[in-house]
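Enquirer: What follows is a single structure, and I will ask about it in a moment.
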Amino acid sequence: MEIFFIVLSFILGCVFGSFFNVVGLRIPKEQSILTPSCCPKCQHQLKSYELIPILSFLFQFGKCRSCKTNISPLYPLIEFTTGLLFLFLYLKTGLQFELIITVTFACLLIIILVTDLSYMIIPNNILLFFLPLFLFLRMMLPIEPWYDIFLGSLVGFLMLAFLILLSKGAIGGGDMKLFAVLGILLGTKKIILTFILASLFGALIGILLIALNRLKRKEAIPFAPFIGLGAIISYFYEQELVAFYLTMMF
Ligand SMILES: [Zn+2]
């Protein structure tokens, strides 16, 4: 039975990932997410068998069936990442209420991954959609103390405000609002750890890209991938990381 749920969570993740591509690519352009998908070049409307996550991309060798334009590898990449993430969430959380929280959390992270990678923005309406959801979920499954959801949100907001001042605009206001929303779900300790991890990953990749001449100094890179990774690690491994840090220090 276990293997059934493992496979199911991966497949569901891929299907959700496919939907998040649609949401993340259309919401910033104020397009409907309900109209059928078509090729951006020739407007060829996609048939149901062309919408199968990952597989249709592979079987079409990454090209539109009609006009042979290359399809962005971002589509299957997001689908695969979401599949792996849902599988990981199932294995870590199991079939209990918290799974709803972690999956909702993942939905936001993947959608903003798409918008930030594609347009370098984190849309307000996406954040405003998840804000009440996070508040509701945290009322159903509270963290201790009860006010930590508000404190976490405030601390997240202020840390990013500080980083924006330091970076002189390389970090956007969208990231700041995202941290405020994530703070509700994560609470103070985990949002601080998310901030540290995201800054660390961002700095490491930034330095690496500059060293490889793939990025100019002061050129902005999307911060959402690092925030997402930091937030997931922080959610599941905060205690282990803090304990590890303390043994290193003392
Ligand atoms: Zn086409």
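Letters for chains follow the order of the structure tokens (A, B, ...), residue numbers begin at 1 for each chain, and ligand numbers begin at 1 in the order shown.
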Residues at most 8 Å from ligand 1, using only C-alpha atoms and all ligand atoms? Could they come as a list in words?

Expert: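 After applying the 8 Å limit, what remains is Cys38, Cys39, Pro40, Lys41, Cys42, Gln43, His44, Lys63, Cys64, Arg65, Ser66, Cys67, Lys68 and Thr69 of chain A.
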
Enquirer: Could you please take those selected residues and save N, CA, C and O atoms as a short mmCIF file (atom, residue, chain, number, x, y, z; two decimals), in the first residue's frame?

Expert:
```cif
data_model
loop_
_atom_site.label_atom_id
_atom_site.label_comp_id
_atom_site.auth_asym_id
_atom_site.auth_seq_id
_atom_site.Cartn_x
_atom_site.Cartn_y
_atom_site.Cartn_z
N CYS A 38 -2.21 26.42 -25.28
CA CYS A 38 -1.82 26.32 -26.68
C CYS A 38 -0.36 26.70 -26.82
O CYS A 38 0.25 27.22 -25.89
N CYS A 39 0.21 26.41 -28.00
CA CYS A 39 1.60 26.75 -28.26
C CYS A 39 1.71 28.27 -28.33
O CYS A 39 0.94 28.92 -29.04
N PRO A 40 2.66 28.88 -27.61
CA PRO A 40 2.76 30.34 -27.61
C PRO A 40 3.13 30.90 -29.00
O PRO A 40 2.84 32.05 -29.31
N LYS A 41 3.74 30.05 -29.85
CA LYS A 41 4.18 30.52 -31.17
C LYS A 41 3.06 30.42 -32.20
O LYS A 41 2.68 31.41 -32.81
N CYS A 42 2.52 29.21 -32.41
CA CYS A 42 1.57 29.02 -33.51
C CYS A 42 0.12 28.90 -33.04
O CYS A 42 -0.77 28.70 -33.85
N GLN A 43 -0.11 29.02 -31.74
CA GLN A 43 -1.46 28.94 -31.15
C GLN A 43 -2.12 27.59 -31.34
O GLN A 43 -3.33 27.45 -31.12
N HIS A 44 -1.37 26.58 -31.76
CA HIS A 44 -1.91 25.22 -31.89
C HIS A 44 -2.43 24.77 -30.52
O HIS A 44 -1.69 24.75 -29.55
N LYS A 63 9.58 19.68 -28.64
CA LYS A 63 9.14 20.60 -29.69
C LYS A 63 7.61 20.58 -29.82
O LYS A 63 6.97 19.58 -29.52
N CYS A 64 7.05 21.71 -30.27
CA CYS A 64 5.62 21.78 -30.56
C CYS A 64 5.32 20.83 -31.72
O CYS A 64 6.06 20.79 -32.70
N ARG A 65 4.22 20.04 -31.62
CA ARG A 65 3.90 19.06 -32.66
C ARG A 65 3.51 19.73 -33.97
O ARG A 65 3.62 19.15 -35.04
N SER A 66 3.04 20.96 -33.86
CA SER A 66 2.55 21.63 -35.05
C SER A 66 3.64 22.44 -35.76
O SER A 66 3.88 22.27 -36.96
N CYS A 67 4.32 23.35 -35.00
CA CYS A 67 5.27 24.26 -35.67
C CYS A 67 6.73 23.93 -35.36
O CYS A 67 7.64 24.60 -35.84
N LYS A 68 6.96 22.91 -34.56
CA LYS A 68 8.32 22.43 -34.23
C LYS A 68 9.17 23.45 -33.45
O LYS A 68 10.39 23.33 -33.40
N THR A 69 8.51 24.48 -32.89
CA THR A 69 9.26 25.41 -32.03
C THR A 69 9.66 24.68 -30.75
O THR A 69 8.90 23.83 -30.26
#
```

Enquirer: Quick one: pick out all alpha helix (DSSP H) residues within segment 37-69 of chain A from a backbone DSSP run and write them as a list in words.

Expert: Leu55, Ser56, Phe57, Leu58 and Phe59 of chain A

Enquirer: Let me make sure I understand: among A:Ile122, A:Leu113, A:Ile143, A:Ile184, which one has the smallest atom-to-atom distance to Phe226 of chain A if we use only C-alpha atoms?

Expert: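 Nearest to Phe226 of chain A: A:Leu113.
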
Enquirer: From the set A:Cys107, A:Leu46, A:Leu89, A:Leu77, which residue has the shortest atom-to-atom contact distance to Leu58 of chain A, counting only C-alpha atoms?

Expert: A:Leu77
